[in-house]
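Q: Input data02.txt, format and content: compact mmCIF, C-alpha atoms.
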```txt
# COMPACT_ATOMS: atom_id res chain seq x y z
CA MET A 1 108.97 24.22 140.71
CA PRO A 2 109.34 25.51 137.13
CA ASP A 3 112.73 25.51 135.43
CA TYR A 4 113.83 28.54 133.43
CA LEU A 5 116.34 29.43 130.77
CA VAL A 6 117.72 32.97 130.99
CA ALA A 7 119.41 35.05 128.28
CA ILE A 8 121.30 38.21 129.17
CA ASP A 9 122.62 40.87 126.86
CA LEU A 10 125.13 42.52 129.17
CA GLY A 11 125.70 45.63 127.10
CA THR A 12 128.10 48.51 127.40
CA CYS A 13 125.30 51.10 127.39
CA ASN A 14 122.16 49.04 128.02
CA SER A 15 121.38 45.51 129.11
CA CYS A 16 118.42 43.19 128.71
CA LEU A 17 117.21 39.94 130.26
CA CYS A 18 114.91 37.44 128.55
CA TYR A 19 113.60 34.25 130.03
CA ALA A 20 111.55 31.19 129.13
CA ARG A 21 110.18 28.21 130.99
CA VAL A 22 111.90 24.98 130.00
CA GLY A 23 109.69 23.23 127.45
CA SER A 24 107.85 26.40 126.45
CA ASN A 25 108.22 28.29 123.19
CA ALA A 26 107.20 31.60 124.81
CA VAL A 27 110.10 33.99 125.43
CA ASN A 28 109.51 36.85 127.84
CA VAL A 29 111.46 40.08 128.01
CA LEU A 30 111.92 41.36 131.56
CA ASP A 31 110.22 44.70 132.18
CA PHE A 32 112.40 47.09 134.17
CA GLY A 33 109.48 49.42 134.89
CA ASN A 34 106.94 51.34 132.84
CA MET A 35 107.27 49.04 129.81
CA LYS A 36 111.00 49.62 129.65
CA TYR A 37 112.58 46.41 128.44
CA ILE A 38 116.13 47.66 128.54
CA CYS A 39 118.13 48.34 131.65
CA PRO A 40 120.75 51.08 131.46
CA SER A 41 124.15 49.61 132.30
CA VAL A 42 124.65 52.15 135.08
CA VAL A 43 125.22 51.61 138.79
CA TYR A 44 125.02 54.33 141.44
CA TYR A 45 126.84 53.62 144.69
CA LYS A 46 125.41 55.50 147.64
CA PRO A 47 127.72 56.77 150.38
CA ASP A 48 126.23 54.16 152.78
CA GLY A 49 127.53 51.30 150.57
CA THR A 50 124.21 50.31 149.00
CA PHE A 51 123.54 50.80 145.30
CA ASP A 52 120.88 51.51 142.70
CA ALA A 53 121.12 50.14 139.18
CA GLY A 54 119.41 50.67 135.85
CA TRP A 55 116.88 53.47 135.43
CA LYS A 56 117.04 54.49 139.08
CA ALA A 57 120.82 54.91 138.81
CA THR A 58 120.43 57.21 135.80
CA LEU A 59 118.66 59.73 138.06
CA HIS A 60 122.12 60.46 139.47
CA TYR A 61 123.79 60.52 136.05
CA THR A 62 124.62 64.21 136.11
CA ARG A 63 126.56 63.73 139.34
CA TYR A 64 129.95 62.09 139.25
CA ASP A 65 129.99 60.91 142.85
CA GLY A 66 129.10 57.25 142.91
CA VAL A 67 127.92 56.84 139.30
CA VAL A 68 129.66 54.11 137.28
CA ASN A 69 129.03 53.53 133.57
CA TYR A 70 130.70 51.77 130.62
CA MET A 71 132.21 49.11 132.90
CA LYS A 72 132.78 46.72 130.00
CA ARG A 73 135.18 49.17 128.36
CA ILE A 74 137.79 48.54 131.04
CA LEU A 75 136.94 44.94 132.01
CA ALA A 76 140.07 42.74 132.23
CA LYS A 77 142.30 45.55 130.94
CA ARG A 78 145.41 47.01 132.46
CA PHE A 79 145.16 50.64 133.55
CA ARG A 80 148.08 51.60 131.29
CA ASP A 81 146.18 50.21 128.27
CA ILE A 82 143.05 52.35 128.72
CA PRO A 83 143.03 55.24 126.22
CA MET A 84 142.45 58.72 127.64
CA MET A 85 139.37 59.06 125.41
CA VAL A 86 137.78 56.08 127.21
CA LYS A 87 138.76 57.41 130.65
CA ASP A 88 137.18 60.76 129.80
CA SER A 89 133.88 59.12 128.77
CA LEU A 90 133.38 57.45 132.15
CA LYS A 91 131.48 59.06 135.02
CA SER A 92 133.85 57.72 137.68
CA GLU A 93 137.59 58.18 137.81
CA VAL A 94 139.57 55.25 136.41
CA VAL A 95 142.59 54.29 138.52
CA SER A 96 145.16 51.53 138.68
CA GLY A 97 143.68 48.78 140.83
CA PRO A 98 145.06 45.47 142.09
CA LYS A 99 147.87 44.05 139.92
CA GLY A 100 147.69 47.10 137.63
CA PHE A 101 144.20 46.35 136.31
CA ALA A 102 141.88 49.26 135.61
CA ALA A 103 139.39 50.01 138.38
CA PHE A 104 137.02 52.78 139.45
CA LEU A 105 137.52 55.19 142.33
CA VAL A 106 134.04 55.50 143.84
CA ASN A 107 133.26 57.28 147.11
CA GLY A 108 136.89 56.93 148.18
CA ARG A 109 137.19 53.20 147.49
CA ILE A 110 138.46 51.18 144.56
CA ILE A 111 135.89 49.00 142.78
CA LEU A 112 136.77 46.63 139.96
CA PRO A 113 134.64 46.71 136.80
CA GLU A 114 133.67 43.06 137.29
CA ASP A 115 132.26 43.92 140.72
CA VAL A 116 130.17 46.74 139.23
CA LEU A 117 128.90 44.43 136.48
CA CYS A 118 128.10 41.82 139.12
CA ASP A 119 125.97 44.37 140.99
CA LEU A 120 124.15 45.21 137.74
CA VAL A 121 123.44 41.52 137.07
CA LYS A 122 122.33 41.05 140.71
CA PHE A 123 119.81 43.84 140.17
CA MET A 124 118.55 42.22 136.96
CA ARG A 125 118.39 38.78 138.63
CA GLU A 126 116.36 40.18 141.55
CA ARG A 127 113.86 41.71 139.10
CA PHE A 128 113.61 38.37 137.27
CA ILE A 129 113.06 36.41 140.52
CA GLU A 130 110.45 38.96 141.64
CA LYS A 131 108.62 38.65 138.30
CA CYS A 132 108.53 34.83 138.34
CA LYS A 133 107.98 34.31 142.08
CA GLY A 134 104.26 33.68 141.51
CA ASP A 135 105.21 30.37 139.89
CA GLY A 136 106.80 29.19 143.14
CA GLU A 137 110.51 28.64 143.63
CA VAL A 138 112.48 29.86 140.62
CA ASN A 139 115.07 27.42 139.30
CA VAL A 140 117.38 28.57 136.51
CA LYS A 141 118.87 25.72 134.48
CA LYS A 142 121.05 27.75 132.13
CA VAL A 143 122.13 31.33 131.48
CA VAL A 144 123.28 32.39 128.02
CA VAL A 145 125.07 35.72 127.99
CA THR A 146 126.08 37.59 124.85
CA ILE A 147 129.62 38.88 124.56
CA PRO A 148 131.34 41.17 122.06
CA SER A 149 132.90 39.36 119.11
CA ASN A 150 136.36 40.70 120.00
CA TYR A 151 136.40 39.21 123.50
CA VAL A 152 139.39 36.99 124.14
CA GLN A 153 139.77 34.43 126.93
CA ASP A 154 140.13 36.76 129.95
CA PRO A 155 136.94 38.82 129.46
CA ILE A 156 135.01 35.61 128.72
CA VAL A 157 136.18 34.04 131.98
CA TYR A 158 135.39 37.29 133.83
CA THR A 159 131.90 37.43 132.30
CA LYS A 160 131.07 33.87 133.35
CA GLN A 161 132.33 34.61 136.87
CA ILE A 162 130.26 37.82 137.02
CA ILE A 163 127.09 35.88 136.19
CA LYS A 164 127.92 33.22 138.77
CA ASN A 165 128.79 35.78 141.48
CA ALA A 166 125.49 37.54 140.82
CA GLY A 167 123.67 34.45 142.05
CA PHE A 168 123.06 32.34 138.97
CA ASP A 169 124.22 28.93 140.16
CA CYS A 170 123.76 27.00 136.91
CA GLU A 171 125.36 26.31 133.54
CA ILE A 172 126.63 29.56 131.99
CA VAL A 173 127.24 29.81 128.25
CA THR A 174 128.69 32.76 126.35
CA LEU A 175 127.55 33.58 122.83
CA PRO A 176 129.28 36.15 120.59
CA GLU A 177 126.87 38.94 119.66
CA PRO A 178 127.10 38.38 115.86
CA VAL A 179 126.18 34.72 116.36
CA ALA A 180 123.24 35.73 118.57
CA ALA A 181 122.08 38.17 115.88
CA CYS A 182 122.23 35.48 113.21
CA MET A 183 120.28 33.10 115.42
CA ALA A 184 117.66 35.77 116.05
CA TYR A 185 117.17 36.13 112.30
CA ASN A 186 117.24 32.34 111.73
CA VAL A 187 120.44 32.55 109.70
CA SER A 188 122.67 29.51 109.86
```
Can the structure in the file be given as structure tokens, please?
A:
Amino acid sequence: MPDYLVAIDLGTCNSCLCYARVGSNAVNVLDFGNMKYICPSVVYYKPDGTFDAGWKATLHYTRYDGVVNYMKRILAKRFRDIPMMVKDSLKSEVVSGPKGFAAFLVNGRIILPEDVLCDLVKFMRERFIEKCKGDGEVNVKKVVVTIPSNYVQDPIVYTKQIIKNAGFDCEIVTLPEPVAACMAYNVS
């Protein structure tokens, strides 16, 4: 059973997942269909409770019913602290959820941004498992997820929990995006 390391850029507009076998220098970028290595950070909730994510969800982008985008913009924020400009840029209505935190009103139910992000990561994880299944059982040793440089403790904790809830039962490390960029360019 091969062990893998997974890196996720959980972006506001687009996301990406890279992976490598432990002990290998080859890094693979997950293909989300038709040589598309990015996954739009969009989730479409169908009236029956199921969902589509990524490119398939963007097919419903012109419709407001069930489409959720820009989840990270309201993650771990109070409803009262969300500027009207941000609320207007979202496809789903932003409402006050449990304990006053911002949430989405989707198909008549309230969904927290962390739950939407979890569904997006679940979708990405399923694609990754499907891609690597030919190697036998897939065992992920560590997930590194990039986070915005301005994230404080709450969004970091939420992000780690999102990755865990999406099915990655392993060590989860967060890496600020500027640090990840420097590492990518071999700057120390």
Q: Show me, as a ChimeraX atom specification, the residues that have an atom within 6 Å of stretch 24-39 of chain A when counting all atoms listed in the file, minus same-chain residues fewer than 5 positions from it.
A: /A:14-19,54
Q: Could you write those residues out with C-alpha atoms, as a JSON list (two decimals), in the frame of the given file?
A:
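Final file, part.json:
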```json
[["chain", "number", "residue", "atom", "x", "y", "z"],
["A", 14, "ASN", "CA", 122.16, 49.04, 128.02],
["A", 15, "SER", "CA", 121.38, 45.51, 129.11],
["A", 16, "CYS", "CA", 118.42, 43.19, 128.71],
["A", 17, "LEU", "CA", 117.21, 39.94, 130.26],
["A", 18, "CYS", "CA", 114.91, 37.44, 128.55],
["A", 19, "TYR", "CA", 113.60, 34.25, 130.03],
["A", 54, "GLY", "CA", 119.41, 50.67, 135.85]]
```
Q: Applying 10 Å and all atoms listed in the file, which residues near stretch 72-78 of chain A remain after dropping the ones on its own chain fewer than 6 positions away? List them as an mmCIF file with C-alpha atoms, keeping the file's coordinate frame.
A:
```
data_model
loop_
_atom_site.group_PDB
_atom_site.id
_atom_site.type_symbol
_atom_site.label_atom_id
_atom_site.label_comp_id
_atom_site.auth_asym_id
_atom_site.auth_seq_id
_atom_site.Cartn_x
_atom_site.Cartn_y
_atom_site.Cartn_z
ATOM 1 C CA LEU A 10 125.130 42.520 129.170
ATOM 2 C CA GLY A 11 125.700 45.630 127.100
ATOM 3 C CA THR A 12 128.100 48.510 127.400
ATOM 4 C CA CYS A 13 125.300 51.100 127.390
ATOM 5 C CA SER A 41 124.150 49.610 132.300
ATOM 6 C CA VAL A 86 137.780 56.080 127.210
ATOM 7 C CA LYS A 87 138.760 57.410 130.650
ATOM 8 C CA LEU A 90 133.380 57.450 132.150
ATOM 9 C CA VAL A 94 139.570 55.250 136.410
ATOM 10 C CA VAL A 95 142.590 54.290 138.520
ATOM 11 C CA SER A 96 145.160 51.530 138.680
ATOM 12 C CA GLY A 97 143.680 48.780 140.830
ATOM 13 C CA PRO A 98 145.060 45.470 142.090
ATOM 14 C CA LYS A 99 147.870 44.050 139.920
ATOM 15 C CA GLY A 100 147.690 47.100 137.630
ATOM 16 C CA PHE A 101 144.200 46.350 136.310
ATOM 17 C CA ALA A 102 141.880 49.260 135.610
ATOM 18 C CA ALA A 103 139.390 50.010 138.380
ATOM 19 C CA PHE A 104 137.020 52.780 139.450
ATOM 20 C CA LEU A 112 136.770 46.630 139.960
ATOM 21 C CA PRO A 113 134.640 46.710 136.800
ATOM 22 C CA GLU A 114 133.670 43.060 137.290
ATOM 23 C CA ASP A 115 132.260 43.920 140.720
ATOM 24 C CA VAL A 116 130.170 46.740 139.230
ATOM 25 C CA LEU A 117 128.900 44.430 136.480
ATOM 26 C CA PRO A 148 131.340 41.170 122.060
ATOM 27 C CA VAL A 152 139.390 36.990 124.140
ATOM 28 C CA GLN A 153 139.770 34.430 126.930
ATOM 29 C CA ASP A 154 140.130 36.760 129.950
ATOM 30 C CA PRO A 155 136.940 38.820 129.460
ATOM 31 C CA ILE A 156 135.010 35.610 128.720
ATOM 32 C CA VAL A 157 136.180 34.040 131.980
ATOM 33 C CA TYR A 158 135.390 37.290 133.830
ATOM 34 C CA THR A 159 131.900 37.430 132.300
#
```
Q: For a quick check of understanding, using all atoms listed in the file, which of A:Ser92, A:Ala53, A:Met84, A:Arg127 has the smallest distance to A:Gly66?
A: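 Counting all atoms listed in the file, the residue closest to A:Gly66 is A:Ser92.
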Q: Would you kindly return, as a CSV table (one decimal) with C-alpha atoms, in the coordinates of the input, each protein, DNA or RNA residue with an atom no farther than 9 Å from any atom of A:Lys46, considering only C-alpha atoms and excluding same-chain residues fewer than 2 positions away?
A:
```csv
chain,number,residue,atom,x,y,z
A,44,TYR,CA,125.0,54.3,141.4
A,48,ASP,CA,126.2,54.2,152.8
A,49,GLY,CA,127.5,51.3,150.6
A,50,THR,CA,124.2,50.3,149.0
A,51,PHE,CA,123.5,50.8,145.3
A,52,ASP,CA,120.9,51.5,142.7
A,65,ASP,CA,130.0,60.9,142.8
A,66,GLY,CA,129.1,57.2,142.9
A,67,VAL,CA,127.9,56.8,139.3
A,107,ASN,CA,133.3,57.3,147.1
```
Q: With a distance cut-off of 10 Å and all atoms listed in the file, select the neighbouring residues of A:Lys141, excluding the residue or stretch itself and same-chain residues fewer than 3 positions from it, and output the selection as a PyMOL selection string.
A: chain A and resi 2-6+21-22+138+168-172
Q: Find the distance between atom CA of A:Tyr61 and atom CA of A:Lys160 and write it in Å to one decimal.
A: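 Going from atom CA of A:Tyr61 over to atom CA of A:Lys160 covers 27.8 Å.
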Q: Between atom CA of A:Gly167 and atom CA of A:Arg125, what is the distance, to one decimal in Å?
A: 7.6 Å
Q: What is the atom CA of A:Leu120-atom CA of A:Gly136 distance in Å, reported with one decimal?
A: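 Atom CA of A:Leu120 sits 24.2 Å away from atom CA of A:Gly136.
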Q: Give me, as number ranges by chain, all polymer residues having an atom no more than 12 Å from A:Ala181, counting all atoms listed in the file and skipping those fewer than 5 positions away in the same chain.
A: A: 9, 146-149, 175-176, 186-188
Q: Go through A:Gly23, A:Gln161, A:Val173, A:Phe123 one by one, measure the shortest atom-to-atom distance of each to A:Lys142 using all atoms listed in the file, and give the residue with the smallest value.
A: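 Closest candidate: A:Val173.
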Q: Extract stretch 96-129 of chain A from the preceding block and save N, CA and C atoms as a PDB file, in the first residue's frame.
A:
```pdb
ATOM      1  N   SER A  96     -27.541  35.245   8.984  1.00  0.00           N
ATOM      2  CA  SER A  96     -26.968  35.008  10.305  1.00  0.00           C
ATOM      3  C   SER A  96     -27.281  33.572  10.706  1.00  0.00           C
ATOM      4  N   GLY A  97     -26.230  32.796  10.901  1.00  0.00           N
ATOM      5  CA  GLY A  97     -26.384  31.388  11.252  1.00  0.00           C
ATOM      6  C   GLY A  97     -26.249  31.179  12.752  1.00  0.00           C
ATOM      7  N   PRO A  98     -25.918  29.965  13.160  1.00  0.00           N
ATOM      8  CA  PRO A  98     -25.749  29.660  14.581  1.00  0.00           C
ATOM      9  C   PRO A  98     -24.743  30.592  15.253  1.00  0.00           C
ATOM     10  N   LYS A  99     -25.101  31.078  16.421  1.00  0.00           N
ATOM     11  CA  LYS A  99     -24.250  31.959  17.243  1.00  0.00           C
ATOM     12  C   LYS A  99     -23.846  33.232  16.518  1.00  0.00           C
ATOM     13  N   GLY A 100     -24.632  33.652  15.520  1.00  0.00           N
ATOM     14  CA  GLY A 100     -24.367  34.900  14.818  1.00  0.00           C
ATOM     15  C   GLY A 100     -23.310  34.821  13.735  1.00  0.00           C
ATOM     16  N   PHE A 101     -22.796  33.612  13.456  1.00  0.00           N
ATOM     17  CA  PHE A 101     -21.802  33.478  12.399  1.00  0.00           C
ATOM     18  C   PHE A 101     -22.490  33.512  11.032  1.00  0.00           C
ATOM     19  N   ALA A 102     -21.760  34.019  10.046  1.00  0.00           N
ATOM     20  CA  ALA A 102     -22.289  34.104   8.689  1.00  0.00           C
ATOM     21  C   ALA A 102     -22.493  32.702   8.130  1.00  0.00           C
ATOM     22  N   ALA A 103     -23.584  32.537   7.406  1.00  0.00           N
ATOM     23  CA  ALA A 103     -23.928  31.252   6.794  1.00  0.00           C
ATOM     24  C   ALA A 103     -24.636  31.536   5.475  1.00  0.00           C
ATOM     25  N   PHE A 104     -24.883  30.483   4.706  1.00  0.00           N
ATOM     26  CA  PHE A 104     -25.595  30.604   3.437  1.00  0.00           C
ATOM     27  C   PHE A 104     -27.002  30.052   3.586  1.00  0.00           C
ATOM     28  N   LEU A 105     -27.951  30.689   2.910  1.00  0.00           N
ATOM     29  CA  LEU A 105     -29.304  30.158   2.809  1.00  0.00           C
ATOM     30  C   LEU A 105     -29.396  29.490   1.437  1.00  0.00           C
ATOM     31  N   VAL A 106     -29.468  28.157   1.452  1.00  0.00           N
ATOM     32  CA  VAL A 106     -29.436  27.377   0.213  1.00  0.00           C
ATOM     33  C   VAL A 106     -30.611  26.410   0.211  1.00  0.00           C
ATOM     34  N   ASN A 107     -31.457  26.536  -0.800  1.00  0.00           N
ATOM     35  CA  ASN A 107     -32.626  25.655  -0.934  1.00  0.00           C
ATOM     36  C   ASN A 107     -33.432  25.573   0.365  1.00  0.00           C
ATOM     37  N   GLY A 108     -33.569  26.705   1.030  1.00  0.00           N
ATOM     38  CA  GLY A 108     -34.388  26.779   2.238  1.00  0.00           C
ATOM     39  C   GLY A 108     -33.710  26.310   3.513  1.00  0.00           C
ATOM     40  N   ARG A 109     -32.425  25.965   3.447  1.00  0.00           N
ATOM     41  CA  ARG A 109     -31.734  25.550   4.672  1.00  0.00           C
ATOM     42  C   ARG A 109     -30.447  26.345   4.846  1.00  0.00           C
ATOM     43  N   ILE A 110     -30.016  26.450   6.091  1.00  0.00           N
ATOM     44  CA  ILE A 110     -28.809  27.202   6.408  1.00  0.00           C
ATOM     45  C   ILE A 110     -27.614  26.256   6.365  1.00  0.00           C
ATOM     46  N   ILE A 111     -26.584  26.670   5.623  1.00  0.00           N
ATOM     47  CA  ILE A 111     -25.357  25.882   5.495  1.00  0.00           C
ATOM     48  C   ILE A 111     -24.181  26.782   5.859  1.00  0.00           C
ATOM     49  N   LEU A 112     -23.345  26.309   6.754  1.00  0.00           N
ATOM     50  CA  LEU A 112     -22.164  27.063   7.167  1.00  0.00           C
ATOM     51  C   LEU A 112     -21.080  26.994   6.096  1.00  0.00           C
ATOM     52  N   PRO A 113     -20.264  28.044   5.975  1.00  0.00           N
ATOM     53  CA  PRO A 113     -19.216  28.029   4.946  1.00  0.00           C
ATOM     54  C   PRO A 113     -18.234  26.872   5.117  1.00  0.00           C
ATOM     55  N   GLU A 114     -17.970  26.476   6.362  1.00  0.00           N
ATOM     56  CA  GLU A 114     -17.050  25.348   6.565  1.00  0.00           C
ATOM     57  C   GLU A 114     -17.632  24.040   6.047  1.00  0.00           C
ATOM     58  N   ASP A 115     -18.958  23.908   6.071  1.00  0.00           N
ATOM     59  CA  ASP A 115     -19.593  22.704   5.529  1.00  0.00           C
ATOM     60  C   ASP A 115     -19.521  22.681   4.000  1.00  0.00           C
ATOM     61  N   VAL A 116     -19.642  23.849   3.390  1.00  0.00           N
ATOM     62  CA  VAL A 116     -19.524  23.943   1.927  1.00  0.00           C
ATOM     63  C   VAL A 116     -18.084  23.634   1.515  1.00  0.00           C
ATOM     64  N   LEU A 117     -17.122  24.208   2.232  1.00  0.00           N
ATOM     65  CA  LEU A 117     -15.716  23.930   1.932  1.00  0.00           C
ATOM     66  C   LEU A 117     -15.394  22.456   2.136  1.00  0.00           C
ATOM     67  N   CYS A 118     -15.982  21.855   3.144  1.00  0.00           N
ATOM     68  CA  CYS A 118     -15.783  20.423   3.389  1.00  0.00           C
ATOM     69  C   CYS A 118     -16.292  19.607   2.200  1.00  0.00           C
ATOM     70  N   ASP A 119     -17.448  19.972   1.661  1.00  0.00           N
ATOM     71  CA  ASP A 119     -17.978  19.267   0.493  1.00  0.00           C
ATOM     72  C   ASP A 119     -17.056  19.435  -0.719  1.00  0.00           C
ATOM     73  N   LEU A 120     -16.477  20.619  -0.874  1.00  0.00           N
ATOM     74  CA  LEU A 120     -15.532  20.846  -1.969  1.00  0.00           C
ATOM     75  C   LEU A 120     -14.298  19.959  -1.800  1.00  0.00           C
ATOM     76  N   VAL A 121     -13.761  19.892  -0.589  1.00  0.00           N
ATOM     77  CA  VAL A 121     -12.586  19.061  -0.332  1.00  0.00           C
ATOM     78  C   VAL A 121     -12.926  17.576  -0.484  1.00  0.00           C
ATOM     79  N   LYS A 122     -14.136  17.177  -0.069  1.00  0.00           N
ATOM     80  CA  LYS A 122     -14.566  15.783  -0.270  1.00  0.00           C
ATOM     81  C   LYS A 122     -14.530  15.430  -1.754  1.00  0.00           C
ATOM     82  N   PHE A 123     -15.038  16.338  -2.574  1.00  0.00           N
ATOM     83  CA  PHE A 123     -15.034  16.133  -4.021  1.00  0.00           C
ATOM     84  C   PHE A 123     -13.605  15.968  -4.527  1.00  0.00           C
ATOM     85  N   MET A 124     -12.700  16.832  -4.092  1.00  0.00           N
ATOM     86  CA  MET A 124     -11.308  16.771  -4.521  1.00  0.00           C
ATOM     87  C   MET A 124     -10.658  15.474  -4.023  1.00  0.00           C
ATOM     88  N   ARG A 125     -10.947  15.087  -2.792  1.00  0.00           N
ATOM     89  CA  ARG A 125     -10.389  13.855  -2.226  1.00  0.00           C
ATOM     90  C   ARG A 125     -10.865  12.637  -3.019  1.00  0.00           C
ATOM     91  N   GLU A 126     -12.155  12.608  -3.370  1.00  0.00           N
ATOM     92  CA  GLU A 126     -12.686  11.482  -4.148  1.00  0.00           C
ATOM     93  C   GLU A 126     -11.987  11.365  -5.493  1.00  0.00           C
ATOM     94  N   ARG A 127     -11.728  12.501  -6.148  1.00  0.00           N
ATOM     95  CA  ARG A 127     -11.002  12.487  -7.427  1.00  0.00           C
ATOM     96  C   ARG A 127      -9.589  11.953  -7.240  1.00  0.00           C
ATOM     97  N   PHE A 128      -8.926  12.365  -6.159  1.00  0.00           N
ATOM     98  CA  PHE A 128      -7.578  11.907  -5.845  1.00  0.00           C
ATOM     99  C   PHE A 128      -7.562  10.393  -5.605  1.00  0.00           C
ATOM    100  N   ILE A 129      -8.489   9.893  -4.796  1.00  0.00           N
ATOM    101  CA  ILE A 129      -8.571   8.458  -4.496  1.00  0.00           C
ATOM    102  C   ILE A 129      -8.821   7.682  -5.788  1.00  0.00           C
TER     103      ILE A 129
END
```
